[in-house]
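Colleague: coords_17.txt (compact mmCIF, C-alpha atoms) pasted underneath:
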# COMPACT_ATOMS: atom_id res chain seq x y z
CA MET A 1 -6.93 -11.01 -26.81
CA ALA A 2 -6.35 -7.26 -27.12
CA ALA A 3 -6.69 -5.18 -24.01
CA ALA A 4 -10.01 -3.38 -23.70
CA PRO A 5 -9.87 0.41 -24.14
CA LEU A 6 -9.56 2.34 -20.88
CA ARG A 7 -12.77 4.23 -21.65
CA ARG A 8 -14.62 0.89 -21.53
CA LEU A 9 -12.91 -0.30 -18.36
CA LEU A 10 -13.50 3.04 -16.65
CA ASP A 11 -16.92 3.87 -18.04
CA ARG A 12 -19.09 6.31 -16.09
CA ARG A 13 -21.32 3.69 -14.51
CA PHE A 14 -18.37 1.68 -13.27
CA VAL A 15 -16.52 4.71 -11.89
CA LEU A 16 -19.73 5.90 -10.22
CA ALA A 17 -20.15 2.47 -8.61
CA VAL A 18 -16.59 2.63 -7.28
CA VAL A 19 -17.13 6.14 -5.93
CA VAL A 20 -20.36 5.13 -4.19
CA ILE A 21 -18.73 2.04 -2.68
CA TRP A 22 -15.73 4.03 -1.50
CA THR A 23 -17.91 6.79 -0.05
CA LEU A 24 -19.92 4.26 1.98
CA CYS A 25 -16.70 2.68 3.23
CA ARG A 26 -15.25 6.05 4.18
CA ALA A 27 -18.49 6.98 5.95
CA ILE A 28 -18.20 3.88 8.14
CA THR A 29 -14.59 4.73 8.94
CA THR A 30 -15.47 8.36 9.66
CA VAL A 31 -18.04 7.30 12.25
CA ILE A 32 -15.44 5.10 13.95
CA LEU A 33 -12.78 7.82 13.95
CA ILE A 34 -15.12 10.59 15.14
CA TYR A 35 -16.29 8.44 18.03
CA LEU A 36 -12.72 7.65 19.06
CA ALA A 37 -11.56 11.24 18.61
CA ASP A 38 -14.38 12.70 20.69
CA GLN A 39 -15.06 9.99 23.24
CA SER A 40 -12.02 7.75 23.68
CA GLN A 41 -8.81 9.60 22.86
CA ASP A 42 -6.90 11.09 25.79
CA PRO A 43 -7.23 14.88 25.24
CA VAL A 44 -3.54 15.37 26.00
CA VAL A 45 -2.89 14.92 22.25
CA TYR A 46 -5.08 17.89 21.31
CA ASP A 47 -4.13 21.56 21.25
CA ASP A 48 -6.21 24.74 21.40
CA SER A 49 -5.63 25.71 17.78
CA GLY A 50 -9.33 25.53 16.99
CA VAL A 51 -8.84 22.66 14.54
CA PRO A 52 -11.63 20.09 15.06
CA ARG A 53 -10.59 17.04 17.03
CA TYR A 54 -11.25 14.72 14.10
CA PHE A 55 -8.51 16.38 12.06
CA GLN A 56 -6.08 16.51 14.97
CA PHE A 57 -6.81 12.83 15.64
CA ALA A 58 -6.13 12.12 11.95
CA THR A 59 -2.64 13.58 12.33
CA LEU A 60 -1.40 11.22 15.03
CA TRP A 61 1.63 8.97 14.68
CA ASP A 62 3.27 9.24 11.24
CA GLY A 63 1.00 12.19 10.54
CA ALA A 64 2.98 14.20 13.07
CA TRP A 65 6.19 13.49 11.16
CA TYR A 66 4.59 14.49 7.86
CA GLU A 67 3.33 17.70 9.45
CA ARG A 68 6.86 18.44 10.62
CA ILE A 69 8.18 17.88 7.09
CA ALA A 70 5.43 19.99 5.52
CA THR A 71 6.18 22.80 7.97
CA ASP A 72 9.95 22.69 8.42
CA GLY A 73 11.30 20.44 5.66
CA TYR A 74 14.14 17.98 6.22
CA PRO A 75 17.12 18.58 8.53
CA GLN A 76 20.47 19.34 6.94
CA GLU A 77 22.24 17.33 9.63
CA LEU A 78 21.24 14.01 11.14
CA PRO A 79 20.28 14.47 14.80
CA ARG A 80 22.47 12.43 17.12
CA ALA A 81 22.35 11.42 20.75
CA ALA A 82 25.25 12.00 23.15
CA ASP A 83 26.75 8.63 22.19
CA GLY A 84 26.74 9.59 18.50
CA MET A 85 23.86 7.32 17.54
CA VAL A 86 21.47 8.76 14.96
CA ARG A 87 18.06 9.56 16.41
CA GLN A 88 14.71 9.17 14.71
CA ASN A 89 14.22 11.97 12.19
CA PRO A 90 12.18 13.03 9.13
CA TRP A 91 14.51 11.42 6.58
CA ALA A 92 12.69 8.12 7.21
CA PHE A 93 9.57 9.59 5.57
CA TYR A 94 9.16 10.19 1.86
CA PRO A 95 8.36 13.68 0.51
CA ILE A 96 5.52 13.57 -2.02
CA PHE A 97 2.68 13.40 0.51
CA PRO A 98 3.85 16.16 2.89
CA PHE A 99 4.78 18.44 -0.01
CA LEU A 100 1.35 17.97 -1.60
CA SER A 101 -0.18 18.92 1.75
CA ARG A 102 2.15 21.90 1.99
CA GLY A 103 0.98 23.03 -1.44
CA LEU A 104 -2.68 22.79 -0.46
CA THR A 105 -1.95 24.69 2.74
CA ALA A 106 -0.29 27.45 0.72
CA LEU A 107 -3.33 27.65 -1.57
CA THR A 108 -6.02 27.54 1.11
CA GLY A 109 -4.40 28.72 4.33
CA LEU A 110 -5.73 25.63 6.08
CA PRO A 111 -3.48 23.88 8.62
CA PHE A 112 -1.74 20.60 7.81
CA ALA A 113 -4.14 18.63 10.00
CA VAL A 114 -6.88 19.54 7.52
CA THR A 115 -4.94 19.55 4.25
CA GLY A 116 -3.11 16.30 5.02
CA THR A 117 -6.43 14.61 5.72
CA ILE A 118 -8.00 16.04 2.55
CA ILE A 119 -5.06 14.98 0.36
CA ALA A 120 -5.06 11.44 1.78
CA THR A 121 -8.82 11.13 1.28
CA LEU A 122 -8.78 12.39 -2.31
CA LEU A 123 -5.85 10.15 -3.19
CA GLY A 124 -7.81 7.28 -1.68
CA TYR A 125 -10.66 7.85 -4.13
CA ALA A 126 -8.21 7.97 -7.02
CA ALA A 127 -6.51 4.79 -5.80
CA ALA A 128 -9.84 2.98 -5.51
CA ILE A 129 -10.74 3.86 -9.11
CA VAL A 130 -7.37 2.72 -10.48
CA VAL A 131 -7.39 -0.49 -8.43
CA ALA A 132 -10.92 -1.29 -9.56
CA GLY A 133 -10.10 -0.56 -13.19
CA LEU A 134 -7.02 -2.79 -13.08
CA LEU A 135 -8.93 -5.64 -11.45
CA ARG A 136 -11.84 -5.25 -13.87
CA GLU A 137 -9.47 -5.76 -16.77
CA LYS A 138 -8.16 -8.96 -15.17
CA VAL A 139 -11.15 -10.58 -13.45
CA GLY A 140 -14.27 -8.66 -14.47
CA ARG A 141 -16.65 -6.13 -13.00
CA ALA A 142 -18.22 -8.11 -10.15
CA ALA A 143 -14.94 -9.38 -8.72
CA ALA A 144 -13.34 -5.94 -9.09
CA LEU A 145 -16.15 -4.18 -7.22
CA SER A 146 -16.19 -6.87 -4.54
CA ALA A 147 -12.44 -6.48 -4.02
CA THR A 148 -12.91 -2.71 -3.81
CA VAL A 149 -15.43 -3.19 -1.00
CA LEU A 150 -12.93 -5.33 0.92
CA LEU A 151 -10.17 -2.83 0.28
CA GLY A 152 -12.34 -0.01 1.61
CA THR A 153 -13.35 -1.90 4.75
CA TYR A 154 -9.98 -3.55 5.46
CA PRO A 155 -8.97 -3.26 9.14
CA SER A 156 -6.33 -0.56 8.49
CA ALA A 157 -8.52 1.29 5.94
CA PRO A 158 -8.68 4.38 8.21
CA THR A 159 -5.20 5.19 6.87
CA PHE A 160 -6.88 6.02 3.55
CA GLN A 161 -8.35 9.16 5.13
CA VAL A 162 -5.80 10.25 7.73
CA ALA A 163 -2.37 11.84 7.28
CA TYR A 164 -0.66 8.67 6.09
CA THR A 165 0.77 7.62 2.72
CA GLU A 166 -1.32 4.47 2.17
CA SER A 167 -3.57 6.23 -0.36
CA LEU A 168 -0.65 7.62 -2.31
CA ALA A 169 1.28 4.35 -2.24
CA LEU A 170 -1.76 2.36 -3.36
CA LEU A 171 -2.50 4.79 -6.21
CA LEU A 172 1.06 4.71 -7.57
CA LEU A 173 1.41 0.97 -7.10
CA ALA A 174 -1.85 0.15 -8.89
CA ALA A 175 -0.93 2.56 -11.68
CA VAL A 176 2.48 0.93 -12.23
CA LEU A 177 0.99 -2.56 -12.17
CA TRP A 178 -1.74 -1.58 -14.64
CA LEU A 179 0.78 0.05 -16.98
CA LEU A 180 2.94 -3.08 -16.88
CA VAL A 181 -0.11 -5.25 -17.56
CA ARG A 182 -0.91 -3.10 -20.59
CA ARG A 183 2.75 -3.05 -21.70
CA ALA A 184 2.89 0.76 -21.43
CA TRP A 185 6.58 0.54 -20.61
CA TRP A 186 7.60 4.20 -20.71
CA ALA A 187 4.68 5.34 -18.57
CA ALA A 188 5.36 2.51 -16.12
CA ALA A 189 8.96 3.72 -15.83
CA ALA A 190 7.85 7.29 -15.08
CA VAL A 191 5.33 6.30 -12.41
CA ALA A 192 7.78 3.82 -10.91
CA LEU A 193 10.21 6.69 -10.40
CA LEU A 194 7.51 8.54 -8.47
CA THR A 195 7.16 5.59 -6.09
CA GLY A 196 10.78 6.23 -5.15
CA LEU A 197 9.63 9.47 -3.53
CA ALA A 198 6.47 8.03 -1.99
CA ARG A 199 7.06 4.55 -0.56
CA PRO A 200 9.93 2.00 -0.47
CA ILE A 201 8.40 -0.61 -2.79
CA ALA A 202 10.88 -0.46 -5.66
CA LEU A 203 12.38 -3.93 -5.14
CA PRO A 204 9.16 -5.95 -5.51
CA LEU A 205 8.02 -3.63 -8.31
CA GLY A 206 11.29 -4.30 -10.09
CA LEU A 207 10.61 -8.03 -9.86
CA VAL A 208 7.18 -7.52 -11.44
CA ALA A 209 8.71 -5.45 -14.23
CA LEU A 210 11.34 -8.12 -14.85
CA VAL A 211 8.72 -10.87 -15.05
CA ALA A 212 6.55 -8.75 -17.37
CA VAL A 213 9.54 -8.16 -19.66
CA ILE A 214 10.41 -11.87 -19.71
CA VAL A 215 6.81 -12.84 -20.51
CA ARG A 216 6.71 -10.30 -23.33
CA TRP A 217 10.07 -11.48 -24.70
CA ARG A 218 8.89 -15.11 -24.75
CA ARG A 219 5.98 -14.09 -26.97
CA ARG A 220 8.19 -12.29 -29.47
CA GLN A 221 7.56 -14.93 -32.17
CA GLU A 222 3.80 -14.32 -32.25
CA HIS A 223 4.11 -10.59 -31.60
CA PRO A 224 7.49 -9.21 -32.70
CA ILE A 225 9.15 -6.65 -30.46
CA THR A 226 10.18 -3.37 -32.09
CA ARG A 227 13.27 -1.40 -31.17
CA GLY A 228 11.05 1.17 -29.51
CA GLU A 229 9.43 -1.46 -27.33
CA TYR A 230 12.81 -2.90 -26.37
CA ALA A 231 13.81 0.60 -25.28
CA GLY A 232 10.58 0.93 -23.29
CA MET A 233 11.10 -2.44 -21.61
CA SER A 234 14.60 -1.37 -20.62
CA ALA A 235 13.24 1.94 -19.32
CA ALA A 236 10.70 0.15 -17.13
CA LEU A 237 13.44 -1.98 -15.56
CA ILE A 238 15.72 1.00 -15.08
CA GLY A 239 12.89 3.10 -13.66
CA CYS A 240 12.11 0.51 -11.01
CA GLY A 241 15.80 0.16 -10.20
CA LEU A 242 16.34 3.90 -9.84
CA ALA A 243 13.20 4.20 -7.71
CA GLY A 244 14.95 2.27 -4.98
CA LEU A 245 17.97 4.61 -5.07
CA ILE A 246 16.36 8.03 -5.39
CA TRP A 247 15.52 8.72 -1.76
CA PRO A 248 18.74 7.36 -0.22
CA MET A 249 20.64 9.54 -2.71
CA VAL A 250 18.53 12.60 -1.85
CA ALA A 251 19.18 11.97 1.85
CA TRP A 252 22.91 11.71 1.11
CA TRP A 253 22.82 14.96 -0.85
CA GLY A 254 20.71 16.72 1.79
CA THR A 255 22.83 15.76 4.79
CA GLY A 256 26.26 15.12 3.33
CA GLU A 257 26.26 11.63 4.86
CA ARG A 258 26.34 8.76 2.41
CA ALA A 259 24.46 6.35 4.69
CA ALA A 260 21.98 8.95 5.98
CA TYR A 261 18.88 6.99 5.02
CA ALA A 262 20.16 3.64 6.30
CA LEU A 263 21.29 5.20 9.58
CA THR A 264 17.92 6.87 9.97
CA MET A 265 16.03 3.65 9.36
CA SER A 266 18.21 1.77 11.84
CA SER A 267 17.34 4.37 14.49
CA TRP A 268 13.84 2.88 14.60
CA ARG A 269 15.52 -0.35 15.69
CA GLY A 270 17.62 1.21 18.41
CA GLY A 271 20.60 1.57 16.09
CA GLU A 272 20.68 -2.13 15.29
CA GLU A 273 22.12 -2.92 11.88
CA ILE A 274 19.51 -4.06 9.38
CA THR A 275 20.01 -7.75 8.59
CA PRO A 276 17.69 -9.21 5.92
CA PHE A 277 15.12 -11.75 7.15
CA LEU A 278 16.47 -11.79 10.73
CA PRO A 279 13.94 -9.36 12.30
CA THR A 280 11.01 -11.39 10.95
CA LEU A 281 12.46 -14.66 12.22
CA GLU A 282 13.17 -13.16 15.64
CA ARG A 283 9.70 -11.62 15.87
CA VAL A 284 7.77 -14.80 15.10
CA GLN A 285 9.94 -16.74 17.53
CA TRP A 286 9.34 -14.11 20.21
CA LEU A 287 5.60 -14.28 19.63
CA TRP A 288 5.10 -18.04 19.38
CA GLY A 289 8.30 -19.75 20.45
CA GLU A 290 11.44 -20.83 18.62
CA VAL A 291 9.97 -23.85 16.86
CA THR A 292 6.28 -22.99 16.76
CA GLY A 293 7.02 -19.51 15.41
CA LEU A 294 8.98 -20.91 12.47
CA VAL A 295 6.24 -23.46 11.79
CA ILE A 296 3.58 -20.73 11.75
CA LEU A 297 5.71 -18.58 9.45
CA ALA A 298 6.34 -21.48 7.08
CA ALA A 299 2.65 -22.37 7.07
CA GLY A 300 1.69 -18.79 6.26
CA LEU A 301 4.13 -18.62 3.36
CA ALA A 302 2.92 -21.99 2.07
CA LEU A 303 -0.69 -20.80 2.24
CA LEU A 304 0.25 -17.71 0.23
CA LEU A 305 1.93 -19.84 -2.42
CA VAL A 306 -1.09 -22.10 -2.71
CA ALA A 307 -3.45 -19.12 -2.90
CA VAL A 308 -1.49 -17.22 -5.53
CA LEU A 309 -0.20 -20.07 -7.69
CA GLY A 310 -3.36 -22.18 -7.78
CA PRO A 311 -5.81 -22.24 -10.71
CA TRP A 312 -8.25 -20.11 -8.66
CA ALA A 313 -5.82 -17.18 -9.12
CA LYS A 314 -5.08 -17.48 -12.85
CA GLY A 315 -7.38 -14.62 -13.70
CA LEU A 316 -5.08 -12.22 -11.86
CA GLY A 317 -2.36 -12.73 -14.43
CA VAL A 318 1.35 -13.12 -13.96
CA GLU A 319 2.00 -9.50 -12.97
CA LEU A 320 -0.41 -9.33 -10.04
CA ARG A 321 0.56 -12.78 -8.79
CA THR A 322 4.23 -11.85 -8.99
CA TRP A 323 3.51 -8.69 -7.03
CA CYS A 324 1.83 -10.63 -4.22
CA LEU A 325 4.75 -13.03 -3.90
CA GLY A 326 7.47 -10.42 -4.38
CA TYR A 327 5.97 -7.94 -1.92
CA VAL A 328 5.58 -10.56 0.81
CA LEU A 329 9.18 -11.66 0.22
CA TYR A 330 10.25 -8.02 0.49
CA LEU A 331 8.36 -7.58 3.78
CA PHE A 332 9.89 -10.81 5.07
CA ALA A 333 13.40 -9.60 4.20
CA ALA A 334 13.23 -5.89 5.07
CA LEU A 335 10.66 -5.46 7.81
CA ASP A 336 10.57 -5.78 11.55
CA PRO A 337 6.97 -7.03 11.54
CA TRP A 338 5.00 -5.61 14.41
CA THR A 339 1.79 -3.61 14.63
CA SER A 340 2.46 -1.75 11.36
CA ILE A 341 2.12 -5.02 9.45
CA PHE A 342 -1.66 -4.44 9.19
CA ARG A 343 -0.99 -1.29 7.14
CA TYR A 344 1.66 -2.82 4.94
CA LEU A 345 -0.51 -5.77 3.96
CA VAL A 346 -3.16 -3.52 2.39
CA LEU A 347 -0.95 -3.25 -0.71
CA LEU A 348 -1.70 -6.93 -1.34
CA PHE A 349 -5.06 -5.86 -2.76
CA PRO A 350 -5.16 -8.60 -5.47
CA LEU A 351 -5.68 -11.13 -2.69
CA PHE A 352 -9.11 -9.61 -1.99
CA VAL A 353 -10.21 -11.02 -5.35
CA LEU A 354 -9.25 -14.49 -4.14
CA LEU A 355 -11.14 -14.04 -0.86
CA VAL A 356 -14.42 -13.59 -2.77
CA GLY A 357 -13.60 -16.40 -5.18
CA GLY A 358 -13.29 -14.18 -8.24
CA GLY A 359 -9.77 -15.06 -9.32
CA ARG A 360 -10.62 -17.54 -12.09
CA GLY A 361 -11.74 -15.07 -14.69
CA ARG A 362 -14.34 -12.59 -15.84
CA ASP A 363 -18.01 -12.08 -15.10
CA ARG A 364 -20.75 -14.33 -16.29
CA GLY A 365 -20.97 -12.60 -19.62
CA SER A 366 -19.44 -15.49 -21.55
CA SER A 367 -19.57 -19.23 -21.23
CA ALA A 368 -16.07 -19.52 -19.84
CA SER A 369 -13.22 -17.51 -18.41
CA PRO A 370 -10.75 -16.38 -21.10
CA THR A 371 -7.84 -17.29 -18.82
CA THR A 372 -8.87 -20.63 -17.35
CA GLY A 373 -11.53 -21.96 -19.71
CA ARG A 374 -13.87 -22.56 -16.76
CA PRO A 375 -17.20 -20.87 -16.03
CA PRO A 376 -16.69 -17.90 -13.70
CA GLN A 377 -18.18 -17.71 -10.23
CA PRO A 378 -21.86 -16.66 -10.14
CA THR A 379 -22.16 -12.98 -9.28
CA TRP A 380 -24.50 -13.63 -6.36
CA LEU A 381 -21.94 -15.89 -4.72
CA LEU A 382 -19.27 -13.20 -5.02
CA VAL A 383 -21.64 -10.70 -3.44
CA VAL A 384 -22.50 -12.97 -0.51
CA ARG A 385 -18.85 -13.68 0.21
CA CYS A 386 -18.03 -10.00 -0.13
CA VAL A 387 -20.74 -8.92 2.34
CA VAL A 388 -19.75 -11.51 4.94
CA ILE A 389 -16.05 -10.69 4.76
CA ALA A 390 -16.72 -6.93 4.69
CA LEU A 391 -18.75 -7.18 7.91
CA ILE A 392 -15.88 -9.04 9.55
CA PHE A 393 -13.46 -6.41 8.27
CA VAL A 394 -15.55 -3.56 9.71
CA VAL A 395 -15.46 -5.18 13.14
CA LEU A 396 -11.69 -5.63 12.83
CA GLN A 397 -11.40 -2.03 11.62
CA ALA A 398 -13.04 -0.82 14.81
CA TRP A 399 -10.61 -2.98 16.78
CA TRP A 400 -7.60 -1.68 14.79
CA SER A 401 -8.65 1.94 15.32
CA TRP A 402 -9.20 1.42 19.06
CA GLU A 403 -6.11 -0.64 19.77
CA LEU A 404 -3.58 0.88 17.40
CA PHE A 405 -4.53 4.28 15.99
CA ARG A 406 -5.83 5.65 19.29
CA PHE A 407 -2.84 6.87 21.30
CA VAL A 408 -2.57 5.82 24.92
CA PRO A 409 -0.06 8.06 26.76
CA PRO A 410 2.78 8.09 27.57
CA THR A 411 3.86 5.47 24.99
CA ASP A 412 2.02 3.09 22.74
CA ASP A 413 2.51 0.69 19.85
CA PRO A 414 2.26 2.51 16.50
CA PRO A 415 -0.33 1.58 13.87
Show the structure stored in the file as structure tokens.
Modeller:
Amino acid sequence: MAAAPLRRLLDRRFVLAVVVIWTLCRAITTVILIYLADQSQDPVVYDDSGVPRYFQFATLWDGAWYERIATDGYPQELPRAADGMVRQNPWAFYPIFPFLSRGLTALTGLPFAVTGTIIATLLGYAAAIVVAGLLREKVGRAAALSATVLLGTYPSAPTFQVAYTESLALLLLAAVLWLLVRRAWWAAAAVALLTGLARPIALPLGLVALVAVIVRWRRRQEHPITRGEYAGMSAALIGCGLAGLIWPMVAWWGTGERAAYALTMSSWRGGEEITPFLPTLERVQWLWGEVTGLVILAAGLALLLVAVLGPWAKGLGVELRTWCLGYVLYLFAALDPWTSIFRYLVLLFPLFVLLVGGGRGRDRGSSASPTTGRPPQPTWLLVVRCVVIALIFVVLQAWWSWELFRFVPPTDDPP
């Protein structure tokens, strides 16, 4: 079945519905953040610049690093302690977001605390529209809007309107996935390259591109592949591959040290060398015990496999299901999972479709789903599930904001 035109998937009524949903979600988050900023945050984090506390509060944690980059750029030499170990520095943070904020500051004269928050919020709206459009193409209007509600109320959703890169990362990720779904290979390659300057997600994206290329190649008998399309498929693979190399190469060029990026990232682990999978294994064993921790980890991975590979997820298509599996594998291999895991998991937005039971296919406009042959879930059931889960998410969002985003001096766990 041919892909529906974008103008149909992103018609005015649908986009308006997404904007209204997202605005309501952001209003809830704003109330939470304003309360914490005014009533609960230790005032030691505020200055007398005249910038409202909400915006200063929105620039905590990583926001402070992005402000430093927007103001001073990146250091030409890696800062080192007396023992020669590289200290934490701005090269761990990617440049698109702070440079966009710097540009808005130059245009308006507003401080980074304001422009960073504005940029993140606007990018969040754009991301919500692209995510919803992608999901509508795969699973229909009702499931797409329900998933958008859950995305907007997710526990770490405050990062969509503070000086963080979640909005930017989500926008670029959803755009690349949608372009791969629609076999727009050259455009996917270009946007994938941008992710290399926004967020380190090139490896799992490369896996999705590879799977999309293989699926397309297997259908070459029914739909022959032209030379131009072969070139585009190659470009998509190369684009994803280069995306993972761009920022380490820029850091090398900027500092003169070949391993500048790797050394910087290891500084967040006390200089410990990054060993794939080991930090995750050590963390779960530290949390739950040597044996129990491994059992819980294995059970979680098994649950993910069942959720993504089962017939209830067929409507998502091979690209979105591959992303969910590849991204979790990437987090397992590359991450030291601690409090930031709540933020990282938001990029698994296709799973929200499964939570509301909308992963089998499209809305009740036809007798059966085009992907599974079964009748889709009734819209009212999707809505009920969505409302219940969204209410739970809002409560967890208040907890996340209180426990993690609010800074408790002198040190605290980062969000």
Colleague: Using atom CA of A:Leu396 and atom CA of A:Trp22 as the two end points, give the distance in Å to one decimal.
Modeller: 17.7 Å
Colleague: Could you check which of A:Leu303, A:Val114, A:Leu329, A:Ala127 is closest to A:Leu207, using all atoms listed in the file?
Modeller: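 Of all the options, A:Leu329 lies closest to A:Leu207.
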Colleague: Measuring between all atoms listed in the file, which one of A:Ala70, A:Val20, A:Val328, A:Leu242 shows the shortest distance to A:Gly196?
Modeller: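 Checking each candidate against A:Gly196, we get A:Leu242 as the closest.
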Colleague: Which one is closest to A:Ile238: A:Ala4, A:Leu78, A:Ile274, A:Leu193? Count only C-alpha atoms.
Modeller: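 Smallest separation from A:Ile238 among the options: A:Leu193.
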Colleague: Compare A:Ala132, A:Ala120, A:Leu347, A:Ala259 by their minimum atom-to-atom distance to A:Leu168, counting only C-alpha atoms, and give me the closest one.
Modeller: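 Of all the options, A:Ala120 lies closest to A:Leu168.
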Colleague: Measure the distance from atom CA of A:Leu194 to atom CA of A:Phe55 in Å and round it to one decimal.
Modeller: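 Separating atom CA of A:Leu194 from atom CA of A:Phe55 is a distance of 27.2 Å.
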Colleague: Work out how far atom CA of A:Gly241 is from atom CA of A:Ala202, in Å to one decimal.
Modeller: 6.7 Å
Colleague: With distances taken over all atoms listed in the file, which of A:Pro311, A:Ser267, A:Gly300, A:His223 is nearest to A:Arg80?
Modeller: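 Of A:Pro311, A:Ser267, A:Gly300, A:His223, the one nearest A:Arg80 is A:Ser267, counting all atoms listed in the file.
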Colleague: List as a PyMOL selection string the protein and nucleic acid residues near A:Ala260, meaning an atom at most 8 Å away when only C-alpha atoms are counted, but skip any in the same chain fewer than 2 places from it.
Modeller: chain A and resi 78+91+248+251-252+255-258+262-264
Colleague: A:Leu33: which residues within 10 Å, counting all atoms listed in the file, same-chain residues fewer than 5 positions away excluded, as a count of residues only?
Modeller: 19
Colleague: Just want the 10 Å neighbourhood of A:Arg385, counted on only C-alpha atoms, with same-chain residues fewer than 5 positions away dropped. Output as an mmCIF file with C-alpha atoms, in the frame of the given file.
Modeller:
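Final file, out.cif:
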data_model
loop_
_atom_site.group_PDB
_atom_site.id
_atom_site.type_symbol
_atom_site.label_atom_id
_atom_site.label_comp_id
_atom_site.auth_asym_id
_atom_site.auth_seq_id
_atom_site.Cartn_x
_atom_site.Cartn_y
_atom_site.Cartn_z
ATOM 1 C CA SER A 146 -16.190 -6.870 -4.540
ATOM 2 C CA LEU A 355 -11.140 -14.040 -0.860
ATOM 3 C CA VAL A 356 -14.420 -13.590 -2.770
ATOM 4 C CA GLY A 357 -13.600 -16.400 -5.180
ATOM 5 C CA TRP A 380 -24.500 -13.630 -6.360
ATOM 6 C CA ALA A 390 -16.720 -6.930 4.690
#
Colleague: Pick the closest to A:Tyr46 from A:Leu9, A:Glu67, A:Thr59, A:Val15: which is it, counting all atoms listed in the file?
Modeller: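 For A:Tyr46, the nearest of the given residues is A:Thr59.
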Colleague: With all atoms listed in the file as the counted atoms, please give the residues lying no more than 6 Å from A:Phe393, apart from itself and same-chain residues fewer than 4 positions off, as JSON, numbers by chain.
Modeller: {"A": [153, 154, 155, 397]}
Colleague: Compute the distance from (7.8, 25.3, 7.4) to each atom, counting all atoms listed in the file, keep the residues with any atom at most 12 Å away, and return them as a list in words; use the coordinates of the file.
Modeller: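 Those residues lying close to the given coordinates are Tyr66, Glu67, Arg68, Ile69, Ala70, Thr71, Asp72, Gly73, Tyr74, Pro75, Pro98, Phe99, Ser101, Arg102, Gly103, Thr105, Ala106, Pro111 and Phe112 of chain A.
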Colleague: For the selection just defined, write its residues with C-alpha atoms to a file, as a compact mmCIF listing (two decimals), in the coordinates of the input.
Modeller:
# COMPACT_ATOMS: atom_id res chain seq x y z
CA TYR A 66 4.59 14.49 7.86
CA GLU A 67 3.33 17.70 9.45
CA ARG A 68 6.86 18.44 10.62
CA ILE A 69 8.18 17.88 7.09
CA ALA A 70 5.43 19.99 5.52
CA THR A 71 6.18 22.80 7.97
CA ASP A 72 9.95 22.69 8.42
CA GLY A 73 11.30 20.44 5.66
CA TYR A 74 14.14 17.98 6.22
CA PRO A 75 17.12 18.58 8.53
CA PRO A 98 3.85 16.16 2.89
CA PHE A 99 4.78 18.44 -0.01
CA SER A 101 -0.18 18.92 1.75
CA ARG A 102 2.15 21.90 1.99
CA GLY A 103 0.98 23.03 -1.44
CA THR A 105 -1.95 24.69 2.74
CA ALA A 106 -0.29 27.45 0.72
CA PRO A 111 -3.48 23.88 8.62
CA PHE A 112 -1.74 20.60 7.81
Colleague: Find the residues around A:Tyr344 up to 12 Å (all atoms listed in the file counted), leave out those fewer than 5 positions away in its own chain, and share them as a ChimeraX atom specification.
Modeller: /A:154-157,159,164-167,169-170,199-201,327-328,330-332,334-339,349,415
Colleague: Since fewer atoms than expected are present, regenerate N, CA and C atoms for stretch 329-338 of chain A and write them as a PDB file, in the frame of the given file.
Modeller:
ATOM      1  N   LEU A 329       7.762 -11.356   0.048  1.00  0.00           N
ATOM      2  CA  LEU A 329       9.180 -11.660   0.220  1.00  0.00           C
ATOM      3  C   LEU A 329       9.950 -10.428   0.668  1.00  0.00           C
ATOM      4  N   TYR A 330       9.608  -9.275   0.103  1.00  0.00           N
ATOM      5  CA  TYR A 330      10.250  -8.020   0.490  1.00  0.00           C
ATOM      6  C   TYR A 330       9.960  -7.696   1.965  1.00  0.00           C
ATOM      7  N   LEU A 331       8.698  -7.831   2.382  1.00  0.00           N
ATOM      8  CA  LEU A 331       8.360  -7.580   3.780  1.00  0.00           C
ATOM      9  C   LEU A 331       9.111  -8.539   4.697  1.00  0.00           C
ATOM     10  N   PHE A 332       9.185  -9.795   4.290  1.00  0.00           N
ATOM     11  CA  PHE A 332       9.890 -10.810   5.070  1.00  0.00           C
ATOM     12  C   PHE A 332      11.359 -10.419   5.239  1.00  0.00           C
ATOM     13  N   ALA A 333      11.964  -9.896   4.177  1.00  0.00           N
ATOM     14  CA  ALA A 333      13.400  -9.600   4.200  1.00  0.00           C
ATOM     15  C   ALA A 333      13.714  -8.273   4.875  1.00  0.00           C
ATOM     16  N   ALA A 334      12.852  -7.253   4.689  1.00  0.00           N
ATOM     17  CA  ALA A 334      13.230  -5.890   5.070  1.00  0.00           C
ATOM     18  C   ALA A 334      12.533  -5.358   6.301  1.00  0.00           C
ATOM     19  N   LEU A 335      11.510  -6.044   6.786  1.00  0.00           N
ATOM     20  CA  LEU A 335      10.660  -5.460   7.810  1.00  0.00           C
ATOM     21  C   LEU A 335      10.893  -6.094   9.175  1.00  0.00           C
ATOM     22  N   ASP A 336      10.691  -5.263  10.194  1.00  0.00           N
ATOM     23  CA  ASP A 336      10.570  -5.780  11.550  1.00  0.00           C
ATOM     24  C   ASP A 336       9.077  -5.845  11.826  1.00  0.00           C
ATOM     25  N   PRO A 337       8.439  -6.987  11.562  1.00  0.00           N
ATOM     26  CA  PRO A 337       6.970  -7.030  11.540  1.00  0.00           C
ATOM     27  C   PRO A 337       6.366  -6.894  12.933  1.00  0.00           C
ATOM     28  N   TRP A 338       5.710  -5.801  13.151  1.00  0.00           N
ATOM     29  CA  TRP A 338       5.000  -5.610  14.410  1.00  0.00           C
ATOM     30  C   TRP A 338       3.643  -5.033  14.078  1.00  0.00           C
TER      31      TRP A 338
END
